[in-house]
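**Student:** Let me begin by handing over the structure; questions about it come next.
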Amino acid sequence: MIPRAFAYERPASVADAVGLLRRHGDGARVIAGGHSLLPMMKLRLAAPETLIDIGGISSLRGISDMGSHIVIGALTRHVDVAESDLVRSACPVLAQAAASIGDLQVRNRGTIGGSLAQADPHGDLPTVLLALDGEVSAEGPDGMRTIAATDLFLGLLTTSLRPDEILTGVRVPKAPKGAYVKFNRRSQDWAIVGVAAVVDGSSARIALTGVGPAPVRADAAERAFSGGNAAEAAELAAEGLDPPADSAGSADYRRHLARVLTRRALEEASSG
Amino acid sequence: MATTAEHAKGIGVAALRKEDRKFLTGRGRFVDDLKLPGMLHMAIVRSQFPHADITRIDTAAAAAMPGVTAVLTGDDLEFAAGVPCASNPTGDMVHPVRPPLAKGRVRHVGEPIAVVIAGDRYAARDAADAVEVSYAELPAALDVEAALADGAPKVHEELDSNVALVLTHRTDGVDDAFSKAEVVVEHTIRNQRLIHVPIETRGVVADWNTANDDLVVYSSTQVPHFLRTFLAIVCGVSEAKVRAIAPDVGGGFGSKLNAYAEEFIAAAASRKVGAPVKWIEERSEAMLATCHGRAQVAHMQLAATKDGKVLGMRAHYVQDYGSYLQMLTPLISQLTFLMSPGAYAIPEVDVKVTNVYTNTVPTDALRGAGRPEATHAIERMMDILARELGMSRTEVRRRNFPVEFPFTTAIGLMYDSGDYAKTLDRLLELSDDKETFERRRTEAAARGKLLGRGLSTWVEVCGFVPSDVARNALGLTPGGWESSTVRMHPTGKITVITGTSPHGQGHATSWSQIVETELGVPFDDIEVIHGDTAFAPYGLGTYGSRSVAVGGTAVHLAASKVRDKARLVAAQMLEASPDDLDFEGGAFAVKGSPDKRTTIQEVAFRAWQAFGMPEGVTPGLDETVFFDPPNCVFPFGAHGCEVEVDRETGKVEITGYIAVDDCGNVINPMIVAGQVHGGVVHGIGQALYEIAEYDSGGQLVTGTLVDYLIPSAADVPHIETHRTVTPSPTNPLGVKGIGEAGTIAASPAVVSAVCDALGVRDLDMPLQPETVWNAIQKGGAA
């Protein structure tokens with residue numbers, strides 16, 4: 001549980017961080033909260049030669065009310081998203097998901113940008129971003145760009161961020177009727193399956209985690225939802241899924257959980 | 001109600017623990033806190049394969065890395081003997097020799113092959129990764145079934161098969177009982193392999209002074225004296241030149257009731273490099289390479305009358321030993337064997353244990369050590385019998401309780417004292433009556449939850465062990481006695497030396513309470529020390545819930561001897577006859593003349609000055625006792641568990657837990673309650689979450705705390721603890737042990753509850769949601 005030796009840089013600005021990424025290429029990894037990367041380094045599954053610690057870039061922290069949307073800096077910690085009055089009232093599904101991540105120590109360190117960039121197949125925040133149809137901002141040597149959630153998560157631990165880009169912020173629409181339902185065996189575990197549902201009148205957006213290499217939208221269930229028919233729509237939640245099988249659950253059980261949790265998430269979102 | 005340490009008043013008080021301030025403020029001194037001058041660090045290269053011959057070890061690259069002092073293999077270190085096993089149940093069991101560092105062949109993933117000694121732990125770890133080992137893989141027997149199959153690869157070639165040992169015991173009337181029975185129930189119960197996960201992993205600092213061949217070893221151990229003796233034997237050095245020290249130890253649960261290859265390797269490496277060597281086990285190493293526990297299957301049959309009287313039992317336990325015998329490996333399933341009838345007076349038994357080697361990490365004691373396996377199996381069978389007969393689960397148990405104590409079981413164990421109906425009755429008083437419960441069950445169903453409740457009535461054997469029993473009945477090498485010194489200083493304070501080796505149990509507090517009661521000396525004036533073979537008389541350590549019954553008794557007896565001697569000196573001081581003195585409130589007074597008195601502190605000072613002593617009385621107040629218990633002790637109780645199962649997901653939530661336990665007289669009720677809480681959570685861990693698993697390549701797949709699930713504080717239900725008190729006749733304190741009881745009782749109580757919720761016969765642990773959901777799907781849910 002001891003990482004390999006590494007060099008450590010702590011840039012003061014995004015531009016400096018991007019410059020370091022360009023210079024070190026494959027040998028460098030960005031670290032923010034560290035609670036995904038450090039365990040991998042301790043098990044020697046990851047061995048970056050250089051760690052670029054962006055934790056000191058204070059401009060990347062903060063939650064802002066933009067009228068119809070909320071903008072959250074990439075370095076905002078999960079605990080702050082979970083406890084923000086603005087997020088809790090205007091986008092409760094996001095606060096609920098942030099509050100469900102790991103344990104208090106993890107939430108005090110982990111960041112929204114890190115969680116989205118990590119794209120863990122059981123991750124909570126990627127799922128919510130997808131259900132909200134949110135987007136992220138990224139900065140690289142050629143400047144800034146935005147990436148829609150539907151274009152961000154490509155596969156297992158893989159996003160469309162370029163190797164020399166830093167995820168700088170998150171933008172989500174306000175969505176008062178939303179819920180995140182996460183199923184695990186013990187409190188503080190990763191989701192075996194998790195469902196984020198956002199309801200808007202008679203339509204819904206539903207995203208699932210734990211059912212494949214990346215979070216997915218439950219298209220068939222979304223099309224079947226017409227407001228008030230959560231159970232009926234949820235029956236289609238597993239359509240098109242090819243869930244993994246491992247010690248946490250078989251593929252069939254995961255399909256079953258997808259249906260059950262989708263119904264529960266739609267019901268909770270509708271009543272909110 | 002807990003009092004402050006300063007106001008404790010002896011036995012029975014819920015005194016706050018003396019140990020806690022240091023631990024809760026981070027001021028403990030654990031083995032990793034030790035820094036000796038010139039100390040080097042050790043990292044271990046471990047086998048990647050479950051069964052292989054080592055064809056080549058290339059250490060050149062590692063040895064050349066910065067900071068590396070040496071890279072050592074089995075050829076570089078000399079040992080006079082192999083890793084010790086102190087258990088031989090039949091007396092003629094073959095003990096395969098295990099060299100501390102593998103020589104030639106490895107038999108489980110994780111077996112130590114080579115070590116790197118370097119200036120810091122980072123360099124040691126990096127260099128360990130650079131050691132190149134070439135293996136010729138051999139077919140491996142990865143589980144008991146594979147190991148028993150025809151043509152199975154032999155884990156130890158010198159043996160005829162992978163069967164290490166078979167124990168049997170058969171009473172004459174058992175076949176008759178089965179043929180006469182009106183009903184016979186049969187079932188196979190699995191008790192899965194577990195990992196201990198103490199909060200502190202193993203660690204050792206070995207300091208071999210090559211100038212005079214003195215060896216000092218600090219180890220996170222439960223048995224410092226055994227360690228000293230075994231270091232002498234294995235490393236080939238005079239035991240008088242070895243000092244073993246258990247510093248503060250962060251938990252063990254049996255994982256540190258052992259003498260490990262790594263301890264001997266560190267000592268030999270220190271001798272080789274001429275510097276102190278430190279090894280601190282990484283968590284993933286601990287999961288992989290520390291002994292595991294349980295790993296047993298029970299094939300059970302009960303023969304009974306229609307009204308639930310059990311006439312006979314057939315039990316065949318199959319135990320996975322893993323690849324080597326560690327210190328007490330054979331004892332564990334032997335204890336299952338001995339406790340097979342559980343809390344029931346079953347007149348005829350046919351019991352067998354088959355113990356099997358596999359190419360996995362060795363198994364040994366894990367909280368309960370053989371008794372959880374026995375209790376879980378017999379408790380499941382009693383539920384199954386009740387279901388078969390359409391009888392209540394409490395009634396079928398009650399009908400089979402022994403009534404007269406001491407009670408000797410059909411296996412030959414004599415249970416010292418008990419009143420099993422009393423604890424069961426108390427549990428029932430505290431629980432909902434049937435009508436209320438069924439109403440709540442209906443209400444829960446409307447919420448999509450399956451409500452269920454279950455129980456276990458348990459008894460266990462602890463307080464190990466009379467030395468005659470250790471030798472004759474169990475085949476253990478050491479006896480089972482315990483030592484204590486009680487020493488009163490000239491200024492009236494007391495030092496207690498105990499041979500127990502606490503690692504979280506609060507002995508300093510409890511032994512102080514015992515001495516306070518016996519001698520009337522304030523709790524705060526008493527210090528308890530332990531764990532260092534340089535000052536402590538030989539002690540057999542802490543495990544098997546033995547410490548209060550054997551160690552606490554030794555403390556009490558030593559304190560009594562001090563008081564008896566003090567009485568003689570006081571009589572001299574007061575010019576009275578010893579029989580004419582009362583002893584009260586820490587002072588001797590002449591009967592009828594209470595102003596003629598002297599405190600025990602004044603007596604201690606006088607005994608130290610030693611002038612004008614009574615005839616035949618020696619100076620000082622300093623007594624040492626070695627106590628050999630006349631019997632083991634048998635705590636017992638009844639636990640009830642209530643669960644709500646989510647019908648749609650199979651997730652189990654424990655909504656109520658009541659523990660009614662009888663551990664005889666109680667020294668510190670808060671410590672006892674704490675032990676029950678911890679034990680129950682440990683049993684819940686086995687019932688709902690934990691299982692150590694290997695894949696088809698012999699790799700441990702549950703190798704981190706992400707995959708091996710232990711309950712966290714957020715998963716623990718509210719646990720209500722209650723007690724009855726049936727003193728033990730076995731020792732003057734009337735105490736029994738309690739450290740493992742919760743674990744023994746809890747897993748069957750939880751499984752009983754979930755089976756009740758689902759209306760099924762039995763379920764294999766751990767009851768993970770998918771397992772439960774599958775059972776609901778199969779039908780059988782109410």
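Please note that chains go A, B, ... in the order of the structure tokens, that every chain numbers its residues from 1, and that ligands are numbered from 1 in the order shown.
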Would you mind listing what lies within 12 Å of Val211 of chain A as a CSV table (one decimal) with all heavy atoms, in the first residue's frame, with only C-alpha atoms counted and same-chain residues fewer than 3 positions away left out?

**Tutor:**
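The result, stored in selection21.csv:
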```
chain,number,residue,atom,x,y,z
A,120,ASP,N,-16.1,6.8,-13.1
A,120,ASP,CA,-16.2,5.4,-12.5
A,120,ASP,C,-17.5,4.8,-13.0
A,120,ASP,O,-18.6,5.4,-12.9
A,120,ASP,CB,-16.1,5.5,-11.0
A,120,ASP,CG,-15.9,4.1,-10.4
A,120,ASP,OD1,-16.9,3.3,-10.4
A,120,ASP,OD2,-14.8,3.8,-10.0
A,121,PRO,N,-17.5,3.5,-13.4
A,121,PRO,CA,-18.8,2.9,-13.8
A,121,PRO,C,-19.8,2.8,-12.7
A,121,PRO,O,-21.0,2.5,-13.0
A,121,PRO,CB,-18.3,1.5,-14.3
A,121,PRO,CG,-17.0,1.3,-13.6
A,121,PRO,CD,-16.4,2.6,-13.5
A,122,HIS,N,-19.5,3.0,-11.4
A,122,HIS,CA,-20.5,3.0,-10.4
A,122,HIS,C,-20.7,4.4,-9.8
A,122,HIS,O,-21.3,4.6,-8.8
A,122,HIS,CB,-20.0,2.1,-9.1
A,122,HIS,CG,-19.5,0.8,-9.5
A,122,HIS,ND1,-18.2,0.6,-9.5
A,122,HIS,CD2,-20.1,-0.3,-9.8
A,122,HIS,CE1,-18.0,-0.7,-9.8
A,122,HIS,NE2,-19.2,-1.3,-10.0
A,123,GLY,N,-20.1,5.4,-10.5
A,123,GLY,CA,-20.1,6.8,-10.0
A,123,GLY,C,-21.5,7.4,-9.9
A,123,GLY,O,-22.4,7.0,-10.7
A,127,THR,N,-23.8,10.1,-13.3
A,127,THR,CA,-25.2,9.6,-13.6
A,127,THR,C,-26.2,10.8,-13.5
A,127,THR,O,-27.1,11.0,-14.3
A,127,THR,CB,-25.6,8.6,-12.5
A,127,THR,OG1,-24.6,7.7,-12.4
A,127,THR,CG2,-26.9,7.8,-13.0
A,155,GLY,N,-16.8,5.6,-22.0
A,155,GLY,CA,-16.6,4.2,-21.6
A,155,GLY,C,-16.0,4.0,-20.3
A,155,GLY,O,-16.0,5.0,-19.5
A,156,LEU,N,-15.4,2.9,-20.0
A,156,LEU,CA,-14.9,2.6,-18.7
A,156,LEU,C,-13.8,3.6,-18.3
A,156,LEU,O,-12.8,3.6,-19.0
A,156,LEU,CB,-14.3,1.1,-18.7
A,156,LEU,CG,-13.9,0.6,-17.3
A,156,LEU,CD1,-15.1,0.4,-16.4
A,156,LEU,CD2,-13.1,-0.7,-17.5
A,191,ALA,N,-22.3,2.3,-5.5
A,191,ALA,CA,-23.6,1.8,-5.9
A,191,ALA,C,-23.4,0.5,-6.6
A,191,ALA,O,-22.5,0.3,-7.4
A,191,ALA,CB,-24.3,2.8,-6.9
A,192,ILE,N,-24.3,-0.5,-6.4
A,192,ILE,CA,-24.3,-1.7,-7.2
A,192,ILE,C,-25.1,-1.2,-8.5
A,192,ILE,O,-24.6,-1.4,-9.6
A,192,ILE,CB,-25.0,-2.9,-6.5
A,192,ILE,CG1,-24.1,-3.3,-5.3
A,192,ILE,CG2,-25.1,-4.0,-7.5
A,192,ILE,CD1,-24.7,-4.4,-4.5
A,193,VAL,N,-26.2,-0.6,-8.3
A,193,VAL,CA,-26.9,0.1,-9.3
A,193,VAL,C,-27.5,1.4,-8.7
A,193,VAL,O,-27.9,1.4,-7.5
A,193,VAL,CB,-28.1,-0.7,-9.9
A,193,VAL,CG1,-29.0,0.1,-10.8
A,193,VAL,CG2,-27.6,-2.0,-10.6
A,194,GLY,N,-27.4,2.5,-9.5
A,194,GLY,CA,-28.0,3.7,-9.0
A,194,GLY,C,-28.8,4.4,-10.1
A,194,GLY,O,-28.5,4.2,-11.3
A,195,VAL,N,-29.9,5.1,-9.7
A,195,VAL,CA,-30.7,5.7,-10.7
A,195,VAL,C,-31.0,7.1,-10.4
A,195,VAL,O,-31.4,7.4,-9.2
A,195,VAL,CB,-32.1,5.0,-10.9
A,195,VAL,CG1,-33.0,5.7,-11.9
A,195,VAL,CG2,-31.9,3.5,-11.3
A,207,ALA,N,-31.2,8.3,-15.7
A,207,ALA,CA,-29.9,7.8,-16.0
A,207,ALA,C,-29.5,6.7,-15.0
A,207,ALA,O,-30.0,6.8,-13.8
A,207,ALA,CB,-28.9,8.9,-16.0
A,208,LEU,N,-28.8,5.7,-15.4
A,208,LEU,CA,-28.4,4.6,-14.5
A,208,LEU,C,-26.9,4.5,-14.4
A,208,LEU,O,-26.2,4.7,-15.4
A,208,LEU,CB,-28.9,3.3,-15.1
A,208,LEU,CG,-30.4,3.0,-15.0
A,208,LEU,CD1,-31.2,3.8,-16.1
A,208,LEU,CD2,-30.7,1.6,-15.1
A,214,ALA,N,-20.1,2.7,-18.6
A,214,ALA,CA,-20.4,4.1,-18.4
A,214,ALA,C,-21.9,4.3,-18.0
A,214,ALA,O,-22.7,3.4,-18.3
A,214,ALA,CB,-20.1,4.9,-19.7
A,215,PRO,N,-22.2,5.4,-17.4
A,215,PRO,CA,-23.6,5.7,-17.1
A,215,PRO,C,-24.4,5.8,-18.4
A,215,PRO,O,-23.9,6.3,-19.4
A,215,PRO,CB,-23.7,7.0,-16.3
A,215,PRO,CG,-22.4,7.6,-16.7
A,215,PRO,CD,-21.4,6.6,-17.0
A,216,VAL,N,-25.7,5.4,-18.4
A,216,VAL,CA,-26.5,5.4,-19.6
A,216,VAL,C,-27.9,6.0,-19.3
A,216,VAL,O,-28.4,6.0,-18.2
A,216,VAL,CB,-26.7,4.0,-20.2
A,216,VAL,CG1,-25.4,3.5,-20.8
A,216,VAL,CG2,-27.3,3.1,-19.1
A,217,ARG,N,-28.5,6.5,-20.3
A,217,ARG,CA,-29.9,7.0,-20.2
A,217,ARG,C,-30.8,5.8,-20.5
A,217,ARG,O,-30.6,5.0,-21.4
A,217,ARG,CB,-30.1,8.1,-21.2
A,217,ARG,CG,-29.4,9.4,-20.8
A,217,ARG,CD,-30.2,10.2,-19.8
A,217,ARG,NE,-31.4,10.8,-20.5
A,217,ARG,CZ,-31.4,12.0,-21.0
A,217,ARG,NH1,-30.3,12.8,-21.0
A,217,ARG,NH2,-32.5,12.5,-21.6
A,218,ALA,N,-31.9,5.8,-19.7
A,218,ALA,CA,-32.9,4.7,-20.0
A,218,ALA,C,-33.9,5.2,-21.0
A,218,ALA,O,-35.1,5.6,-20.6
A,218,ALA,CB,-33.6,4.3,-18.6
A,237,ALA,N,-36.9,-0.1,-17.9
A,237,ALA,CA,-35.6,0.5,-17.5
A,237,ALA,C,-34.4,-0.3,-18.0
A,237,ALA,O,-33.3,0.2,-18.2
A,237,ALA,CB,-35.5,0.8,-16.0
A,238,ALA,N,-34.6,-1.6,-18.0
A,238,ALA,CA,-33.4,-2.5,-18.4
A,238,ALA,C,-33.3,-2.8,-19.9
A,238,ALA,O,-32.3,-3.5,-20.3
A,238,ALA,CB,-33.5,-3.8,-17.6
A,239,GLU,N,-34.1,-2.2,-20.7
A,239,GLU,CA,-34.0,-2.4,-22.1
A,239,GLU,C,-32.7,-2.0,-22.6
A,239,GLU,O,-32.2,-0.9,-22.3
A,239,GLU,CB,-35.1,-1.5,-22.8
A,239,GLU,CG,-36.5,-2.0,-22.6
A,239,GLU,CD,-37.0,-3.0,-23.6
A,239,GLU,OE1,-36.8,-2.8,-24.8
A,239,GLU,OE2,-37.5,-4.0,-23.1
A,240,GLY,N,-32.1,-2.8,-23.4
A,240,GLY,CA,-30.8,-2.5,-24.1
A,240,GLY,C,-29.6,-2.5,-23.1
A,240,GLY,O,-28.5,-2.3,-23.5
A,241,LEU,N,-29.8,-3.0,-21.9
A,241,LEU,CA,-28.7,-3.0,-21.0
A,241,LEU,C,-28.0,-4.4,-21.1
A,241,LEU,O,-28.6,-5.4,-21.3
A,241,LEU,CB,-29.2,-2.9,-19.6
A,241,LEU,CG,-29.7,-1.5,-19.1
A,241,LEU,CD1,-30.0,-1.6,-17.6
A,241,LEU,CD2,-28.7,-0.4,-19.4
A,242,ASP,N,-26.6,-4.3,-20.9
A,242,ASP,CA,-25.8,-5.5,-20.9
A,242,ASP,C,-25.0,-5.4,-19.6
A,242,ASP,O,-23.8,-5.2,-19.7
A,242,ASP,CB,-25.0,-5.7,-22.1
A,242,ASP,CG,-24.2,-7.0,-22.1
A,242,ASP,OD1,-24.6,-7.9,-21.4
A,242,ASP,OD2,-23.2,-7.1,-22.9
A,243,PRO,N,-25.6,-5.6,-18.5
A,243,PRO,CA,-24.9,-5.3,-17.2
A,243,PRO,C,-23.8,-6.3,-16.9
A,243,PRO,O,-23.9,-7.4,-17.3
A,243,PRO,CB,-26.0,-5.4,-16.1
A,243,PRO,CG,-27.3,-5.6,-16.8
A,243,PRO,CD,-27.0,-6.1,-18.2
A,244,PRO,N,-22.8,-5.9,-16.2
A,244,PRO,CA,-21.7,-6.8,-15.8
A,244,PRO,C,-22.2,-7.8,-14.7
A,244,PRO,O,-23.2,-7.5,-14.1
A,244,PRO,CB,-20.6,-5.9,-15.3
A,244,PRO,CG,-21.4,-4.7,-14.7
A,244,PRO,CD,-22.6,-4.5,-15.6
A,245,ALA,N,-21.4,-8.8,-14.5
A,245,ALA,CA,-21.7,-9.8,-13.4
A,245,ALA,C,-20.4,-9.8,-12.6
A,245,ALA,O,-19.3,-10.0,-13.1
A,245,ALA,CB,-22.0,-11.1,-14.0
A,246,ASP,N,-20.5,-9.6,-11.3
A,246,ASP,CA,-19.4,-9.7,-10.4
A,246,ASP,C,-19.9,-10.1,-9.0
A,246,ASP,O,-21.0,-10.4,-8.9
A,246,ASP,CB,-18.5,-8.5,-10.4
A,246,ASP,CG,-19.3,-7.2,-10.0
A,246,ASP,OD1,-20.3,-7.4,-9.1
A,246,ASP,OD2,-19.0,-6.1,-10.4
A,248,ALA,N,-20.6,-8.4,-6.6
A,248,ALA,CA,-21.7,-7.6,-6.1
A,248,ALA,C,-23.0,-7.9,-6.7
A,248,ALA,O,-24.1,-7.6,-6.1
A,248,ALA,CB,-21.3,-6.1,-6.3
A,249,GLY,N,-23.1,-8.6,-7.8
A,249,GLY,CA,-24.4,-8.9,-8.4
A,249,GLY,C,-24.3,-9.5,-9.8
A,249,GLY,O,-23.3,-9.2,-10.5
A,250,SER,N,-25.2,-10.3,-10.1
A,250,SER,CA,-25.3,-10.9,-11.4
A,250,SER,C,-25.9,-9.9,-12.4
A,250,SER,O,-26.5,-8.9,-12.0
A,250,SER,CB,-26.1,-12.2,-11.4
A,250,SER,OG,-27.5,-11.9,-11.1
A,251,ALA,N,-25.9,-10.2,-13.7
A,251,ALA,CA,-26.4,-9.4,-14.7
A,251,ALA,C,-28.0,-9.3,-14.5
A,251,ALA,O,-28.6,-8.2,-14.6
A,251,ALA,CB,-26.1,-9.9,-16.1
A,252,ASP,N,-28.6,-10.4,-14.2
A,252,ASP,CA,-30.0,-10.4,-14.0
A,252,ASP,C,-30.5,-9.6,-12.8
A,252,ASP,O,-31.5,-8.9,-12.9
A,252,ASP,CB,-30.5,-11.9,-13.8
A,252,ASP,CG,-30.8,-12.5,-15.2
A,252,ASP,OD1,-30.9,-11.8,-16.2
A,252,ASP,OD2,-31.0,-13.8,-15.2
A,253,TYR,N,-29.7,-9.7,-11.8
A,253,TYR,CA,-30.0,-9.0,-10.6
A,253,TYR,C,-29.9,-7.5,-10.8
A,253,TYR,O,-30.7,-6.7,-10.4
A,253,TYR,CB,-29.1,-9.4,-9.4
A,253,TYR,CG,-29.4,-8.8,-8.1
A,253,TYR,CD1,-30.7,-8.9,-7.5
A,253,TYR,CD2,-28.5,-8.0,-7.4
A,253,TYR,CE1,-31.0,-8.4,-6.2
A,253,TYR,CE2,-28.7,-7.5,-6.2
A,253,TYR,CZ,-30.0,-7.6,-5.6
A,253,TYR,OH,-30.2,-7.1,-4.4
A,254,ARG,N,-28.9,-7.1,-11.6
A,254,ARG,CA,-28.7,-5.7,-11.9
A,254,ARG,C,-29.8,-5.2,-12.8
A,254,ARG,O,-30.3,-4.1,-12.6
A,254,ARG,CB,-27.4,-5.5,-12.6
A,254,ARG,CG,-26.2,-5.5,-11.6
A,254,ARG,CD,-24.9,-5.1,-12.3
A,254,ARG,NE,-23.9,-4.6,-11.4
A,254,ARG,CZ,-23.0,-5.3,-10.8
A,254,ARG,NH1,-22.8,-6.5,-11.1
A,254,ARG,NH2,-22.1,-4.7,-10.0
A,255,ARG,N,-30.3,-6.0,-13.7
A,255,ARG,CA,-31.4,-5.6,-14.5
A,255,ARG,C,-32.7,-5.4,-13.6
A,255,ARG,O,-33.4,-4.4,-13.8
A,255,ARG,CB,-31.8,-6.7,-15.6
A,255,ARG,CG,-30.9,-6.7,-16.8
A,255,ARG,CD,-31.4,-7.6,-17.9
A,255,ARG,NE,-30.4,-7.8,-18.8
A,255,ARG,CZ,-29.5,-8.8,-18.8
A,255,ARG,NH1,-29.7,-9.8,-17.9
A,255,ARG,NH2,-28.6,-9.0,-19.7
A,256,HIS,N,-32.8,-6.3,-12.7
A,256,HIS,CA,-34.0,-6.2,-11.8
A,256,HIS,C,-33.9,-4.9,-11.0
A,256,HIS,O,-34.8,-4.2,-10.8
A,256,HIS,CB,-34.0,-7.5,-10.9
A,256,HIS,CG,-35.0,-7.4,-9.8
A,256,HIS,ND1,-36.3,-7.4,-10.0
A,256,HIS,CD2,-34.8,-7.2,-8.5
A,256,HIS,CE1,-36.9,-7.3,-8.8
A,256,HIS,NE2,-36.0,-7.1,-7.9
A,257,LEU,N,-32.7,-4.7,-10.4
A,257,LEU,CA,-32.5,-3.5,-9.6
A,257,LEU,C,-32.7,-2.2,-10.5
A,257,LEU,O,-33.3,-1.2,-10.0
A,257,LEU,CB,-31.1,-3.4,-9.1
A,257,LEU,CG,-30.7,-4.4,-7.9
A,257,LEU,CD1,-29.3,-4.2,-7.5
A,257,LEU,CD2,-31.6,-4.1,-6.7
A,258,ALA,N,-32.3,-2.3,-11.7
A,258,ALA,CA,-32.6,-1.1,-12.6
A,258,ALA,C,-34.1,-0.8,-12.6
A,258,ALA,O,-34.5,0.4,-12.5
A,258,ALA,CB,-32.0,-1.4,-14.0
A,259,ARG,N,-34.9,-1.8,-12.8
A,259,ARG,CA,-36.3,-1.6,-12.9
A,259,ARG,C,-36.9,-1.1,-11.5
A,259,ARG,O,-37.6,-0.1,-11.5
A,259,ARG,CB,-37.0,-2.9,-13.3
A,259,ARG,CG,-36.8,-3.3,-14.7
A,259,ARG,CD,-37.7,-4.4,-15.2
A,259,ARG,NE,-37.2,-5.7,-14.6
A,259,ARG,CZ,-36.4,-6.6,-15.2
A,259,ARG,NH1,-35.9,-6.3,-16.4
A,259,ARG,NH2,-36.1,-7.7,-14.6
```

**Student:** Chain B residues within 8 Å of chain A, counting only C-alpha atoms: which ones, as a VMD selection string?

**Tutor:** chain B and resid 122 125 to 126 282 to 284 648 to 649 651 689 706 709 711 to 712 714 to 715 768 to 770

**Student:** How far is it from atom CA of Pro139 of chain B to atom CA of Gly74 of chain B, in Å with one decimal?

**Tutor:**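 If I compute the distance from atom CA of Pro139 of chain B to atom CA of Gly74 of chain B, I get 23.0 Å.
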
**Student:** In Å, rounded to a single decimal, give me how far atom CA of Ala266 of chain B is from atom CA of Gly67 of chain B.

**Tutor:**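 Pair atom CA of Gly67 of chain B / atom CA of Ala266 of chain B returns 18.0 Å.
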
**Student:** Write down as a ChimeraX atom specification the residues of segment 56-231 of chain A whose backbone DSSP state falls under strand (DSSP E or B).

**Tutor:** /A:63-65,69-73,77,111,135-140,143-148,153-155,158-159,166-173,178-183,193-200,203-209,216-217

**Student:** Got a sec to tell me which of segment 314-427 of chain B DSSP assigns to helix (DSSP H, G or I), as a PyMOL selection string?

**Tutor:** chain B and resi 329-338+371-389+393-398+420-427

**Student:** Output the selection as a tab-separated table (two decimals), in the first residue's frame - C-alpha atoms for each residue.

**Tutor:**
```
chain	number	residue	atom	x	y	z
B	329	THR	CA	-4.99	-24.88	13.45
B	330	PRO	CA	-6.09	-28.42	14.50
B	331	LEU	CA	-7.67	-27.16	17.73
B	332	ILE	CA	-10.34	-25.08	16.04
B	333	SER	CA	-12.43	-27.82	14.45
B	334	GLN	CA	-11.71	-29.95	17.50
B	335	LEU	CA	-13.59	-27.34	19.53
B	336	THR	CA	-16.46	-27.50	17.02
B	337	PHE	CA	-16.48	-31.25	17.55
B	338	LEU	CA	-16.59	-30.85	21.33
B	371	ARG	CA	-17.57	-22.59	18.65
B	372	PRO	CA	-19.46	-20.28	16.24
B	373	GLU	CA	-19.30	-23.10	13.72
B	374	ALA	CA	-20.80	-25.58	16.19
B	375	THR	CA	-23.47	-23.18	17.43
B	376	HIS	CA	-24.50	-22.02	14.00
B	377	ALA	CA	-24.94	-25.58	12.80
B	378	ILE	CA	-26.93	-26.88	15.77
B	379	GLU	CA	-29.07	-23.73	15.93
B	380	ARG	CA	-30.01	-24.02	12.25
B	381	MET	CA	-30.91	-27.64	12.84
B	382	MET	CA	-33.17	-26.77	15.77
B	383	ASP	CA	-35.01	-24.25	13.57
B	384	ILE	CA	-35.27	-26.86	10.83
B	385	LEU	CA	-36.58	-29.44	13.28
B	386	ALA	CA	-39.16	-26.97	14.59
B	387	ARG	CA	-40.30	-26.26	11.03
B	388	GLU	CA	-40.55	-29.96	10.25
B	389	LEU	CA	-42.63	-30.61	13.36
B	393	ARG	CA	-38.65	-22.60	17.64
B	394	THR	CA	-38.48	-21.60	21.29
B	395	GLU	CA	-40.44	-24.64	22.45
B	396	VAL	CA	-38.30	-27.17	20.63
B	397	ARG	CA	-35.22	-25.63	22.22
B	398	ARG	CA	-36.67	-25.48	25.70
B	420	TYR	CA	-30.81	-21.89	29.83
B	421	ALA	CA	-34.54	-21.58	30.39
B	422	LYS	CA	-33.95	-18.45	32.44
B	423	THR	CA	-32.18	-16.55	29.67
B	424	LEU	CA	-34.71	-17.75	27.11
B	425	ASP	CA	-37.57	-16.64	29.36
B	426	ARG	CA	-35.96	-13.24	29.80
B	427	LEU	CA	-35.58	-12.88	26.03
```

**Student:** Rounded to one decimal place, report the atom CA of Glu482 of chain B-atom CA of Arg723 of chain B distance in Å.

**Tutor:** 26.9 Å
